[in-house]
$ cat data28.txt   # compact mmCIF, C-alpha atoms and all ligand atoms
# COMPACT_ATOMS: atom_id res chain seq x y z
CA MET K 186 -166.36 64.62 -40.50
CA PRO K 187 -167.95 61.81 -38.44
CA LYS K 188 -170.12 59.33 -40.38
CA ALA K 189 -173.75 60.44 -40.50
CA ILE K 190 -175.97 58.05 -38.54
CA THR K 191 -178.99 56.70 -40.41
CA LEU K 192 -182.38 56.22 -38.74
CA GLN K 193 -181.96 52.46 -39.07
CA GLU K 194 -178.54 52.50 -37.38
CA PHE K 195 -179.92 54.70 -34.59
CA ILE K 196 -182.87 52.35 -34.03
CA MET K 197 -180.58 49.29 -33.95
CA ASP K 198 -178.10 50.99 -31.61
CA SER K 199 -181.00 52.01 -29.33
CA GLN K 200 -182.20 48.41 -29.19
CA ALA K 201 -178.81 47.41 -27.80
CA GLU K 202 -179.60 49.59 -24.77
CA PHE K 203 -182.54 47.31 -23.96
CA PRO K 204 -181.04 43.79 -23.86
CA PHE K 205 -184.27 41.96 -23.16
CA VAL K 206 -186.29 43.36 -26.05
CA SER K 207 -187.63 41.02 -28.68
CA GLY K 208 -186.89 43.29 -31.63
CA GLN K 209 -190.59 43.95 -32.27
CA LEU K 210 -190.25 47.65 -31.42
CA THR K 211 -187.21 47.91 -33.66
CA ARG K 212 -189.23 46.40 -36.51
CA LEU K 213 -192.14 48.74 -35.78
CA LEU K 214 -189.96 51.86 -35.81
CA THR K 215 -188.36 50.66 -39.03
CA ASP K 216 -191.79 50.15 -40.59
CA ILE K 217 -192.81 53.69 -39.61
CA GLY K 218 -189.70 54.98 -41.37
CA VAL K 219 -190.61 53.04 -44.52
CA ALA K 220 -194.21 54.26 -44.51
CA ALA K 221 -192.96 57.82 -44.00
CA LYS K 222 -190.79 57.56 -47.12
CA ILE K 223 -193.71 56.29 -49.20
CA VAL K 224 -196.07 59.03 -47.99
CA ASN K 225 -193.36 61.66 -48.40
CA HIS K 226 -192.90 60.68 -52.03
CA GLN K 227 -196.60 61.21 -52.76
CA VAL K 228 -196.84 64.44 -50.72
CA ASN K 229 -193.92 65.90 -52.66
CA ARG K 230 -195.57 65.21 -56.01
CA ALA K 231 -199.21 65.83 -54.98
CA GLY K 232 -199.69 68.58 -57.53
CA LEU K 233 -198.36 66.39 -60.31
CA ALA K 234 -199.94 63.09 -59.40
CA GLY K 235 -203.51 64.32 -59.63
CA ILE K 236 -203.93 63.64 -55.93
CA LEU K 237 -204.53 67.16 -54.76
CA GLY K 238 -207.90 68.05 -53.44
CA GLN K 239 -210.72 66.20 -51.81
CA SER K 240 -211.32 62.49 -52.23
CA GLY K 241 -215.08 63.01 -52.31
CA SER K 242 -215.43 60.93 -49.15
CA GLN K 243 -215.68 61.99 -45.53
CA ASN K 244 -213.96 60.55 -42.47
CA THR K 245 -215.63 59.43 -39.28
CA HIS K 246 -215.86 63.05 -38.14
CA ASN K 247 -217.73 64.10 -41.30
CA GLU K 248 -214.63 66.00 -42.41
CA ASP K 249 -213.86 66.03 -46.11
CA GLN K 250 -211.03 63.57 -46.72
CA GLN K 251 -208.23 64.78 -48.94
CA LYS K 252 -206.93 62.24 -51.43
CA LEU K 253 -203.61 62.27 -49.58
CA ASP K 254 -205.39 61.62 -46.26
CA VAL K 255 -206.72 58.39 -47.70
CA PHE K 256 -203.37 57.47 -49.26
CA ALA K 257 -201.45 58.12 -46.03
CA ASP K 258 -203.93 56.15 -43.94
CA LYS K 259 -203.83 53.17 -46.32
CA THR K 260 -200.04 53.27 -46.48
CA PHE K 261 -199.48 53.25 -42.73
CA MET K 262 -202.19 50.58 -42.29
CA ARG K 263 -200.58 48.36 -44.95
CA ILE K 264 -197.01 48.72 -43.73
CA LEU K 265 -197.77 48.43 -40.01
CA THR K 266 -200.03 45.39 -40.36
CA ALA K 267 -197.48 43.64 -42.60
CA GLY K 268 -195.09 43.41 -39.66
CA LYS K 269 -195.82 41.17 -36.67
CA SER K 270 -195.22 43.89 -34.07
CA VAL K 271 -198.59 45.64 -34.24
CA ALA K 272 -201.71 44.08 -32.74
CA GLY K 273 -204.02 46.98 -33.53
CA ILE K 274 -204.23 50.53 -34.86
CA GLY K 275 -206.41 53.52 -33.98
CA SER K 276 -206.44 56.06 -36.81
CA GLU K 277 -208.09 59.44 -37.22
CA GLU K 278 -209.32 58.20 -40.59
CA GLN K 279 -210.94 55.03 -39.24
CA GLU K 280 -214.17 55.01 -37.21
CA ASP K 281 -213.11 52.10 -35.03
CA TYR K 282 -209.89 50.32 -34.05
CA ILE K 283 -208.28 48.13 -36.68
CA LEU K 284 -207.37 44.69 -35.25
CA CYS K 285 -204.43 43.03 -36.99
CA HIS K 286 -203.72 39.31 -37.35
CA ASP K 287 -206.65 37.33 -35.98
CA GLN K 288 -208.33 39.94 -33.76
CA GLY K 289 -205.02 41.34 -32.61
CA LYS K 290 -203.83 38.19 -30.85
CA GLU K 291 -200.28 38.71 -32.22
CA GLY K 292 -198.05 41.77 -31.76
CA LYS K 293 -196.91 43.43 -28.55
CA TYR K 294 -197.87 46.97 -29.54
CA VAL K 295 -200.84 49.14 -30.52
CA VAL K 296 -200.41 52.28 -32.60
CA MET K 297 -202.48 55.48 -32.54
CA ILE K 298 -201.99 57.63 -35.62
CA ASP K 299 -203.07 60.78 -37.39
CA PRO K 300 -201.88 59.75 -40.85
CA LEU K 301 -201.85 63.24 -42.31
CA ASP K 302 -202.51 66.14 -39.97
CA GLY K 303 -203.16 69.56 -41.48
CA SER K 304 -204.21 68.02 -44.78
CA SER K 305 -206.43 71.00 -45.61
CA ASN K 306 -203.12 72.77 -46.29
CA ILE K 307 -202.04 70.34 -49.01
CA ASP K 308 -203.50 72.31 -51.90
CA VAL K 309 -201.72 75.49 -50.81
CA ASN K 310 -198.36 73.77 -50.37
CA VAL K 311 -198.09 74.33 -46.62
CA SER K 312 -196.16 71.76 -44.57
CA ILE K 313 -198.21 68.88 -43.12
CA GLY K 314 -197.40 65.92 -40.91
CA THR K 315 -198.04 62.46 -39.53
CA ILE K 316 -198.35 62.02 -35.75
CA PHE K 317 -198.06 58.63 -33.99
CA SER K 318 -198.07 57.03 -30.57
CA ILE K 319 -197.03 53.48 -29.63
CA TYR K 320 -198.32 51.65 -26.53
CA ARG K 321 -197.67 48.17 -25.19
CA ARG K 322 -200.83 46.05 -25.34
CA VAL K 323 -202.54 45.48 -21.98
CA THR K 324 -204.23 42.18 -22.86
CA LEU K 325 -202.01 39.10 -22.98
CA LEU K 326 -200.49 37.93 -26.26
CA GLY K 327 -202.81 35.33 -27.77
CA GLU K 328 -205.92 37.07 -26.44
CA PRO K 329 -208.09 39.28 -28.67
CA LEU K 330 -207.44 43.02 -28.26
CA SER K 331 -209.97 45.09 -26.33
CA SER K 332 -210.62 48.81 -25.93
CA GLN K 333 -208.42 48.89 -22.82
CA ASP K 334 -205.44 48.24 -25.08
CA PHE K 335 -206.17 51.48 -26.92
CA LEU K 336 -207.62 53.76 -24.24
CA GLN K 337 -204.41 54.13 -22.22
CA LYS K 338 -203.20 57.34 -20.56
CA GLY K 339 -200.54 59.32 -22.37
CA THR K 340 -198.12 58.45 -19.57
CA GLU K 341 -198.19 54.83 -20.85
CA GLN K 342 -196.75 55.71 -24.26
CA VAL K 343 -193.63 53.75 -25.23
CA VAL K 344 -192.86 55.85 -28.30
CA ALA K 345 -194.25 59.11 -29.72
CA GLY K 346 -193.22 60.84 -32.91
CA TYR K 347 -194.12 62.84 -35.96
CA ILE K 348 -193.06 63.12 -39.57
CA LEU K 349 -192.96 66.68 -40.95
CA TYR K 350 -193.37 66.89 -44.73
CA GLY K 351 -191.88 70.36 -45.06
CA SER K 352 -189.09 72.19 -46.89
CA SER K 353 -187.22 69.11 -45.78
CA THR K 354 -188.81 65.92 -44.49
CA MET K 355 -188.05 65.12 -40.87
CA LEU K 356 -188.89 62.28 -38.53
CA VAL K 357 -188.78 63.27 -34.85
CA TYR K 358 -189.43 60.73 -32.08
CA THR K 359 -188.84 59.80 -28.47
CA THR K 360 -188.73 56.46 -26.68
CA GLY K 361 -188.65 58.17 -23.30
CA THR K 362 -184.91 58.91 -23.27
CA GLY K 363 -184.91 62.28 -25.04
CA VAL K 364 -186.03 63.51 -28.47
CA ASN K 365 -184.07 62.97 -31.68
CA GLY K 366 -184.72 64.38 -35.17
CA PHE K 367 -183.81 62.79 -38.51
CA THR K 368 -183.76 64.59 -41.85
CA MET K 369 -184.31 62.79 -45.14
CA ASP K 370 -181.68 63.06 -47.85
CA PRO K 371 -183.97 63.02 -50.92
CA ALA K 372 -181.05 62.02 -53.16
CA ILE K 373 -180.92 58.59 -51.52
CA GLY K 374 -184.24 58.45 -49.65
CA GLU K 375 -182.58 57.89 -46.28
CA PHE K 376 -183.19 59.60 -42.92
CA PHE K 377 -180.02 60.82 -41.14
CA LEU K 378 -179.68 62.00 -37.53
CA SER K 379 -179.65 65.78 -37.86
CA HIS K 380 -181.12 67.02 -34.54
CA PRO K 381 -179.78 64.91 -31.64
CA LYS K 382 -181.22 65.47 -28.14
CA MET K 383 -183.78 68.16 -29.12
CA GLU K 384 -184.85 70.47 -26.31
CA PHE K 385 -186.93 73.64 -26.04
CA PRO K 386 -184.62 76.67 -25.75
CA GLU K 387 -184.51 78.36 -22.34
CA SER K 388 -186.15 81.51 -23.72
CA ALA K 389 -189.48 81.15 -25.50
CA ILE K 390 -190.35 83.73 -28.14
CA ILE K 391 -193.47 82.48 -29.96
CA TYR K 392 -197.16 82.02 -29.21
CA SER K 393 -199.37 80.18 -31.69
CA ILE K 394 -203.16 80.43 -31.60
CA ASN K 395 -205.95 80.93 -34.14
CA ASP K 396 -206.78 84.55 -33.31
CA ALA K 397 -210.36 84.10 -34.60
CA LEU K 398 -211.03 81.79 -31.64
CA LEU K 399 -209.74 84.11 -28.95
CA HIS K 400 -212.98 85.92 -28.13
CA LYS K 401 -214.69 82.54 -27.58
CA ALA K 402 -211.82 81.08 -25.52
CA PRO K 403 -211.75 80.88 -21.70
CA GLN K 404 -210.87 84.09 -19.83
CA ALA K 405 -207.54 82.58 -18.76
CA VAL K 406 -206.48 82.11 -22.40
CA GLN K 407 -207.59 85.63 -23.28
CA LYS K 408 -205.63 86.98 -20.30
CA PHE K 409 -202.55 84.98 -21.29
CA ILE K 410 -202.63 86.12 -24.93
CA GLY K 411 -203.22 89.70 -23.77
CA GLY K 412 -200.05 89.40 -21.73
CA CYS K 413 -198.16 87.99 -24.72
CA ARG K 414 -199.30 90.92 -26.84
CA GLU K 415 -198.13 93.40 -24.19
CA THR K 416 -194.65 91.86 -24.24
CA LEU K 417 -194.42 91.80 -28.04
CA GLY K 418 -191.95 94.64 -27.63
CA VAL K 419 -189.42 92.30 -26.00
CA GLY K 420 -189.26 90.06 -29.03
CA LEU K 421 -192.31 87.85 -28.59
CA LYS K 422 -193.75 86.78 -31.94
CA ALA K 423 -197.20 85.54 -33.01
CA ARG K 424 -196.87 82.66 -35.46
CA TYR K 425 -199.73 80.35 -36.57
CA ILE K 426 -199.56 78.15 -39.66
CA GLY K 427 -202.70 76.09 -39.05
CA SER K 428 -200.76 72.85 -39.30
CA LEU K 429 -200.21 71.42 -35.81
CA VAL K 430 -197.04 69.44 -36.56
CA THR K 431 -195.46 72.45 -38.25
CA ASP K 432 -196.40 74.90 -35.49
CA PHE K 433 -195.23 72.44 -32.83
CA HIS K 434 -191.91 71.72 -34.57
CA ARG K 435 -191.09 75.42 -35.03
CA ASN K 436 -191.90 76.12 -31.37
CA LEU K 437 -189.74 73.17 -30.28
CA ILE K 438 -186.75 74.60 -32.11
CA LYS K 439 -187.29 78.31 -31.39
CA GLY K 440 -189.19 78.14 -28.09
CA GLY K 441 -192.87 78.86 -27.76
CA ILE K 442 -196.38 77.69 -26.94
CA TYR K 443 -199.17 76.32 -29.15
CA LEU K 444 -202.73 76.80 -27.92
CA TYR K 445 -205.92 75.22 -29.20
CA PRO K 446 -208.48 76.24 -26.56
CA SER K 447 -211.91 75.04 -25.64
CA THR K 448 -214.65 77.39 -26.83
CA GLU K 449 -218.35 77.73 -26.06
CA SER K 450 -219.24 75.89 -29.26
CA ASN K 451 -216.46 73.29 -28.84
CA PRO K 452 -216.01 72.82 -25.07
CA GLU K 453 -213.58 69.91 -25.71
CA GLY K 454 -211.59 71.93 -28.26
CA LYS K 455 -210.77 70.55 -31.71
CA LEU K 456 -207.65 68.40 -31.39
CA ARG K 457 -207.82 64.68 -30.65
CA LEU K 458 -206.33 63.41 -27.42
CA MET K 459 -205.05 60.01 -28.54
CA TYR K 460 -203.22 60.78 -31.79
CA GLU K 461 -202.55 64.51 -31.71
CA CYS K 462 -202.30 65.79 -28.12
CA ASN K 463 -200.74 62.83 -26.28
CA PRO K 464 -197.88 62.09 -28.70
CA LEU K 465 -196.87 65.77 -28.92
CA ALA K 466 -197.25 66.11 -25.14
CA PHE K 467 -194.86 63.17 -24.61
CA ILE K 468 -192.35 64.68 -27.03
CA ALA K 469 -192.70 68.09 -25.37
CA GLN K 470 -192.13 66.57 -21.91
CA GLN K 471 -189.05 64.70 -23.16
CA ALA K 472 -187.72 67.94 -24.66
CA GLY K 473 -188.04 69.85 -21.38
CA GLY K 474 -191.45 71.33 -22.10
CA THR K 475 -194.94 70.42 -20.94
CA ALA K 476 -198.57 70.15 -22.09
CA GLU K 477 -201.91 70.73 -20.40
CA ASN K 478 -205.61 70.83 -21.10
CA ASN K 479 -207.81 73.33 -19.19
CA THR K 480 -207.14 71.73 -15.87
CA SER K 481 -204.13 69.42 -15.71
CA ASP K 482 -201.27 67.49 -17.26
CA ILE K 483 -202.74 66.14 -20.46
CA LEU K 484 -200.75 62.89 -20.22
CA GLU K 485 -202.66 61.99 -17.06
CA ILE K 486 -206.10 62.09 -18.72
CA GLN K 487 -207.84 58.70 -18.76
CA PRO K 488 -209.20 58.43 -22.33
CA ARG K 489 -212.83 57.46 -22.75
CA ALA K 490 -213.09 57.17 -26.51
CA LEU K 491 -210.78 56.70 -29.50
CA HIS K 492 -211.60 60.07 -31.07
CA GLU K 493 -212.17 62.19 -28.00
CA ARG K 494 -211.00 65.77 -28.19
CA SER K 495 -209.16 67.94 -25.67
CA PRO K 496 -208.16 71.56 -25.28
CA PHE K 497 -204.40 71.60 -25.86
CA TYR K 498 -201.65 73.94 -24.63
CA VAL K 499 -198.15 72.65 -25.37
CA GLY K 500 -194.61 73.96 -25.52
CA SER K 501 -191.97 75.72 -23.46
CA ARG K 502 -192.47 75.00 -19.77
CA ASN K 503 -192.33 78.67 -18.66
CA MET K 504 -195.05 79.67 -21.15
CA VAL K 505 -197.38 76.79 -20.27
CA GLN K 506 -196.82 77.65 -16.60
CA GLY K 507 -197.60 81.30 -17.43
CA LEU K 508 -200.94 80.15 -18.83
CA ARG K 509 -201.46 78.01 -15.73
CA SER K 510 -201.07 81.13 -13.56
CA CYS K 511 -203.72 82.86 -15.68
CA TRP K 512 -206.12 79.99 -14.87
CA MET K 513 -205.42 80.54 -11.18
CA ALA K 514 -205.89 84.31 -11.52
CA THR K 515 -209.22 83.86 -13.29
CA SER K 516 -210.52 81.51 -10.55
CA GLY K 517 -209.67 78.35 -12.48
CA PRO K 518 -211.17 76.75 -15.57
CA GLU K 519 -214.73 77.64 -16.46
P1 LIG F 1 -208.06 75.91 -37.15
C1 LIG F 1 -205.59 70.83 -38.91
O1 LIG F 1 -206.94 70.62 -39.31
C2 LIG F 1 -205.58 70.86 -37.39
O2 LIG F 1 -206.05 69.65 -36.90
C3 LIG F 1 -204.17 71.16 -36.89
O3 LIG F 1 -203.18 70.65 -37.73
C4 LIG F 1 -204.15 72.68 -36.86
O4 LIG F 1 -203.25 73.20 -35.88
C5 LIG F 1 -205.59 73.03 -36.49
O5 LIG F 1 -206.40 71.94 -36.94
C6 LIG F 1 -206.04 74.28 -37.19
O6 LIG F 1 -207.37 74.50 -36.80
O7 LIG F 1 -209.40 75.85 -36.44
O8 LIG F 1 -207.16 76.99 -36.57
O9 LIG F 1 -208.14 75.97 -38.64

$ encode --input "data28.txt" --output "structure tokens" --more "lines below"
Ligand code: P6P
Amino acid sequence: MPKAITLQEFIMDSQAEFPFVSGQLTRLLTDIGVAAKIVNHQVNRAGLAGILGQSGSQNTHNEDQQKLDVFADKTFMRILTAGKSVAGIGSEEQEDYILCHDQGKEGKYVVMIDPLDGSSNIDVNVSIGTIFSIYRRVTLLGEPLSSQDFLQKGTEQVVAGYILYGSSTMLVYTTGTGVNGFTMDPAIGEFFLSHPKMEFPESAIIYSINDALLHKAPQAVQKFIGGCRETLGVGLKARYIGSLVTDFHRNLIKGGIYLYPSTESNPEGKLRLMYECNPLAFIAQQAGGTAENNTSDILEIQPRALHERSPFYVGSRNMVQGLRSCWMATSGPE
């Protein structure tokens, strides 16, 4: 039985592949692993620790913040700013960018993060997750950070990943050379490589969409889902948990597509481009899949604002391309 590889060993071994790196990315990935363990501990005992439910405060989007939302945000902020690798952080839970260490003059990287996605599921014990993206800063070291450091296209991501607090806790990430998954051994609180070189299966069997949105979605999405329903007989399944990380992770392993469409009332959709769509799109691309908004490759979108939203269709390449053909057949996006 070969020795199980820990997350730390994998990160260190990966650094050896990049001889000219300064070790800042290694430290940053290590810090993310530490923060994940701390958040995981609280998520697993939420019902006992009196931290279920709403915090009584609202985030920048006027959404009720769960107590664990606040805890996760504070934990990642504390751990990431303690290191010297991060110059600034954009978080779903923070109205504006957080500049670290003297206006972000230190640190080669900026981090975009959804500290706890799907948190409305906490009280019903459904899996939730953290989603993160890492970019190189654009401004020179020693200069204050500016919005251009944060508003970079998804194609500029250096790392993207998520932590899934589920029946087991997993950390899945890519640095642009494939996707690897690590499972935590709760007995010793260590992540071990459990899913090397993750890829979407050739055959996709799942479509994930909130059915209550369908009648308000673009014609192309309605046409695509209609087609999925017609082929249910050949083993296609409808699965929707309402927790993006969980739906995405299941579709990555079993093959499928996740759709959060634009609607008349929300023409930009619900999901945020910078810390939900782009990181999962990068992971999907690295795992042989793809991701689009209503018109194009989502990674090519030039962001305009930290919290901007985007319609999001992500997963197995053949299913996303099937949706693309429905756009063409319905004379393109409305
Ligand atoms: P709806 C959770 O709030 C979230 O951001 C994603 O995790 C999830 O996929 C989606 O929203 C669920 O949204 O409108 O279907 O409840």

$ closest_residue --input "data28.txt" --among "K:Asp302, K:Asp396, K:Glu280, K:Glu328" --to "Tyr460 in chain K" --atoms "all atoms listed in the file"
K:Asp302

$ closest_atom_pairs --input "data28.txt" --of "chain K" --to "ligand LIG 1 (chain F)" --cutoff "10 Å" --atoms "only C-alpha atoms and all ligand atoms" --output "CSV"
residue,atom,partner,partner_atom,distance
K:Glu248,CA,F:LIG1,O1,9.5
K:Asp299,CA,F:LIG1,O2,9.4
K:Leu301,CA,F:LIG1,O3,8.8
K:Asp302,CA,F:LIG1,O3,5.1
K:Gly303,CA,F:LIG1,C1,3.8
K:Ser304,CA,F:LIG1,O1,6.6
K:Ser305,CA,F:LIG1,O1,6.3
K:Asn306,CA,F:LIG1,C1,8.0
K:Ser312,CA,F:LIG1,O3,9.9
K:Ile313,CA,F:LIG1,O3,7.5
K:Gly314,CA,F:LIG1,O3,8.1
K:Thr315,CA,F:LIG1,O3,9.8
K:Ser393,CA,F:LIG1,O4,9.0
K:Ile394,CA,F:LIG1,O8,7.2
K:Asn395,CA,F:LIG1,O8,4.8
K:Asp396,CA,F:LIG1,O8,8.2
K:Ala397,CA,F:LIG1,O8,8.0
K:Leu398,CA,F:LIG1,O7,7.8
K:Tyr425,CA,F:LIG1,O4,8.0
K:Ile426,CA,F:LIG1,O4,7.2
K:Gly427,CA,F:LIG1,C6,4.2
K:Ser428,CA,F:LIG1,O3,3.6
K:Leu429,CA,F:LIG1,O4,3.5
K:Val430,CA,F:LIG1,O3,6.4
K:Thr431,CA,F:LIG1,O3,7.9
K:Asp432,CA,F:LIG1,O4,7.1
K:Phe433,CA,F:LIG1,O4,8.6
K:Tyr443,CA,F:LIG1,O4,8.5
K:Leu444,CA,F:LIG1,O4,8.8
K:Tyr445,CA,F:LIG1,O4,7.5
K:Pro446,CA,F:LIG1,O7,9.9
K:Gly454,CA,F:LIG1,O7,9.3
K:Lys455,CA,F:LIG1,O5,7.0
K:Leu456,CA,F:LIG1,O2,5.9
K:Arg457,CA,F:LIG1,O2,8.2
K:Glu461,CA,F:LIG1,O2,8.1

$ write_last_selection --input "data28.txt" --atoms "C-alpha atoms" --output "mmCIF file, keeping the file's coordinate frame"
data_model
loop_
_atom_site.group_PDB
_atom_site.id
_atom_site.type_symbol
_atom_site.label_atom_id
_atom_site.label_comp_id
_atom_site.auth_asym_id
_atom_site.auth_seq_id
_atom_site.Cartn_x
_atom_site.Cartn_y
_atom_site.Cartn_z
ATOM 1 C CA GLU K 248 -214.630 66.000 -42.410
ATOM 2 C CA ASP K 299 -203.070 60.780 -37.390
ATOM 3 C CA LEU K 301 -201.850 63.240 -42.310
ATOM 4 C CA ASP K 302 -202.510 66.140 -39.970
ATOM 5 C CA GLY K 303 -203.160 69.560 -41.480
ATOM 6 C CA SER K 304 -204.210 68.020 -44.780
ATOM 7 C CA SER K 305 -206.430 71.000 -45.610
ATOM 8 C CA ASN K 306 -203.120 72.770 -46.290
ATOM 9 C CA SER K 312 -196.160 71.760 -44.570
ATOM 10 C CA ILE K 313 -198.210 68.880 -43.120
ATOM 11 C CA GLY K 314 -197.400 65.920 -40.910
ATOM 12 C CA THR K 315 -198.040 62.460 -39.530
ATOM 13 C CA SER K 393 -199.370 80.180 -31.690
ATOM 14 C CA ILE K 394 -203.160 80.430 -31.600
ATOM 15 C CA ASN K 395 -205.950 80.930 -34.140
ATOM 16 C CA ASP K 396 -206.780 84.550 -33.310
ATOM 17 C CA ALA K 397 -210.360 84.100 -34.600
ATOM 18 C CA LEU K 398 -211.030 81.790 -31.640
ATOM 19 C CA TYR K 425 -199.730 80.350 -36.570
ATOM 20 C CA ILE K 426 -199.560 78.150 -39.660
ATOM 21 C CA GLY K 427 -202.700 76.090 -39.050
ATOM 22 C CA SER K 428 -200.760 72.850 -39.300
ATOM 23 C CA LEU K 429 -200.210 71.420 -35.810
ATOM 24 C CA VAL K 430 -197.040 69.440 -36.560
ATOM 25 C CA THR K 431 -195.460 72.450 -38.250
ATOM 26 C CA ASP K 432 -196.400 74.900 -35.490
ATOM 27 C CA PHE K 433 -195.230 72.440 -32.830
ATOM 28 C CA TYR K 443 -199.170 76.320 -29.150
ATOM 29 C CA LEU K 444 -202.730 76.800 -27.920
ATOM 30 C CA TYR K 445 -205.920 75.220 -29.200
ATOM 31 C CA PRO K 446 -208.480 76.240 -26.560
ATOM 32 C CA GLY K 454 -211.590 71.930 -28.260
ATOM 33 C CA LYS K 455 -210.770 70.550 -31.710
ATOM 34 C CA LEU K 456 -207.650 68.400 -31.390
ATOM 35 C CA ARG K 457 -207.820 64.680 -30.650
ATOM 36 C CA GLU K 461 -202.550 64.510 -31.710
#

$ atom_distance --input "data28.txt" --atom1 "CA of Phe385 in chain K" --atom2 "CA of Cys462 in chain K"
17.4 Å

$ closest_residue --input "data28.txt" --among "K:Ile391, K:Ala402, K:Ala345, K:Ala466" --to "Glu485 in chain K" --atoms "all atoms listed in the file"
K:Ala466

$ residues_around --input "data28.txt" --residues "Leu214 in chain K" --least-positions-apart "2" --cutoff "12 Å" --atoms "all atoms listed in the file" --output "VMD selection string"
chain K and resid 192 to 197 199 to 200 208 to 212 216 to 221 261 264 to 265 268 270 to 271 294 296 317 to 319 343 to 347 356 to 360

$ write_last_selection --input "data28.txt" --atoms "C-alpha atoms" --output "mmCIF file, in the frame of the given file"
data_model
loop_
_atom_site.group_PDB
_atom_site.id
_atom_site.type_symbol
_atom_site.label_atom_id
_atom_site.label_comp_id
_atom_site.auth_asym_id
_atom_site.auth_seq_id
_atom_site.Cartn_x
_atom_site.Cartn_y
_atom_site.Cartn_z
ATOM 1 C CA LEU K 192 -182.380 56.220 -38.740
ATOM 2 C CA GLN K 193 -181.960 52.460 -39.070
ATOM 3 C CA GLU K 194 -178.540 52.500 -37.380
ATOM 4 C CA PHE K 195 -179.920 54.700 -34.590
ATOM 5 C CA ILE K 196 -182.870 52.350 -34.030
ATOM 6 C CA MET K 197 -180.580 49.290 -33.950
ATOM 7 C CA SER K 199 -181.000 52.010 -29.330
ATOM 8 C CA GLN K 200 -182.200 48.410 -29.190
ATOM 9 C CA GLY K 208 -186.890 43.290 -31.630
ATOM 10 C CA GLN K 209 -190.590 43.950 -32.270
ATOM 11 C CA LEU K 210 -190.250 47.650 -31.420
ATOM 12 C CA THR K 211 -187.210 47.910 -33.660
ATOM 13 C CA ARG K 212 -189.230 46.400 -36.510
ATOM 14 C CA ASP K 216 -191.790 50.150 -40.590
ATOM 15 C CA ILE K 217 -192.810 53.690 -39.610
ATOM 16 C CA GLY K 218 -189.700 54.980 -41.370
ATOM 17 C CA VAL K 219 -190.610 53.040 -44.520
ATOM 18 C CA ALA K 220 -194.210 54.260 -44.510
ATOM 19 C CA ALA K 221 -192.960 57.820 -44.000
ATOM 20 C CA PHE K 261 -199.480 53.250 -42.730
ATOM 21 C CA ILE K 264 -197.010 48.720 -43.730
ATOM 22 C CA LEU K 265 -197.770 48.430 -40.010
ATOM 23 C CA GLY K 268 -195.090 43.410 -39.660
ATOM 24 C CA SER K 270 -195.220 43.890 -34.070
ATOM 25 C CA VAL K 271 -198.590 45.640 -34.240
ATOM 26 C CA TYR K 294 -197.870 46.970 -29.540
ATOM 27 C CA VAL K 296 -200.410 52.280 -32.600
ATOM 28 C CA PHE K 317 -198.060 58.630 -33.990
ATOM 29 C CA SER K 318 -198.070 57.030 -30.570
ATOM 30 C CA ILE K 319 -197.030 53.480 -29.630
ATOM 31 C CA VAL K 343 -193.630 53.750 -25.230
ATOM 32 C CA VAL K 344 -192.860 55.850 -28.300
ATOM 33 C CA ALA K 345 -194.250 59.110 -29.720
ATOM 34 C CA GLY K 346 -193.220 60.840 -32.910
ATOM 35 C CA TYR K 347 -194.120 62.840 -35.960
ATOM 36 C CA LEU K 356 -188.890 62.280 -38.530
ATOM 37 C CA VAL K 357 -188.780 63.270 -34.850
ATOM 38 C CA TYR K 358 -189.430 60.730 -32.080
ATOM 39 C CA THR K 359 -188.840 59.800 -28.470
ATOM 40 C CA THR K 360 -188.730 56.460 -26.680
#

$ closest_residue --input "data28.txt" --among "K:Ala189, K:Gln243, K:Leu336, K:Gln227" --to "Ile486 in chain K" --atoms "all atoms listed in the file"
K:Leu336

$ closest_residue --input "data28.txt" --among "K:Gln471, K:Gln333, K:Thr416, K:Asn229" --to "Gly351 in chain K" --atoms "only C-alpha atoms"
K:Asn229

$ closest_residue --input "data28.txt" --among "K:Thr260, K:Ile468, K:Phe377, K:Arg230" --to "Ile307 in chain K" --atoms "only C-alpha atoms"
K:Arg230

$ closest_residue --input "data28.txt" --among "K:Leu399, K:Ile283, K:Leu437, K:Cys413" --to "Glu387 in chain K" --atoms "only C-alpha atoms"
K:Leu437

$ atom_distance --input "data28.txt" --atom1 "CA of Pro381 in chain K" --atom2 "CA of Phe367 in chain K"
8.2 Å

$ residues_around --input "data28.txt" --residues "Gly412 in chain K" --least-positions-apart "3" --cutoff "12 Å" --atoms "all atoms listed in the file" --output "list in words"
Tyr392, Ala405, Val406, Gln407, Lys408, Phe409, Glu415, Thr416, Leu417, Gly418, Val419, Leu421, Met504, Gly507, Leu508, Ser510 and Cys511 of chain K

$ write_last_selection --input "data28.txt" --atoms "C-alpha atoms" --output "short mmCIF file (atom, residue, chain, number, x, y, z; two decimals), in the frame of the given file"
data_model
loop_
_atom_site.label_atom_id
_atom_site.label_comp_id
_atom_site.auth_asym_id
_atom_site.auth_seq_id
_atom_site.Cartn_x
_atom_site.Cartn_y
_atom_site.Cartn_z
CA TYR K 392 -197.16 82.02 -29.21
CA ALA K 405 -207.54 82.58 -18.76
CA VAL K 406 -206.48 82.11 -22.40
CA GLN K 407 -207.59 85.63 -23.28
CA LYS K 408 -205.63 86.98 -20.30
CA PHE K 409 -202.55 84.98 -21.29
CA GLU K 415 -198.13 93.40 -24.19
CA THR K 416 -194.65 91.86 -24.24
CA LEU K 417 -194.42 91.80 -28.04
CA GLY K 418 -191.95 94.64 -27.63
CA VAL K 419 -189.42 92.30 -26.00
CA LEU K 421 -192.31 87.85 -28.59
CA MET K 504 -195.05 79.67 -21.15
CA GLY K 507 -197.60 81.30 -17.43
CA LEU K 508 -200.94 80.15 -18.83
CA SER K 510 -201.07 81.13 -13.56
CA CYS K 511 -203.72 82.86 -15.68
#
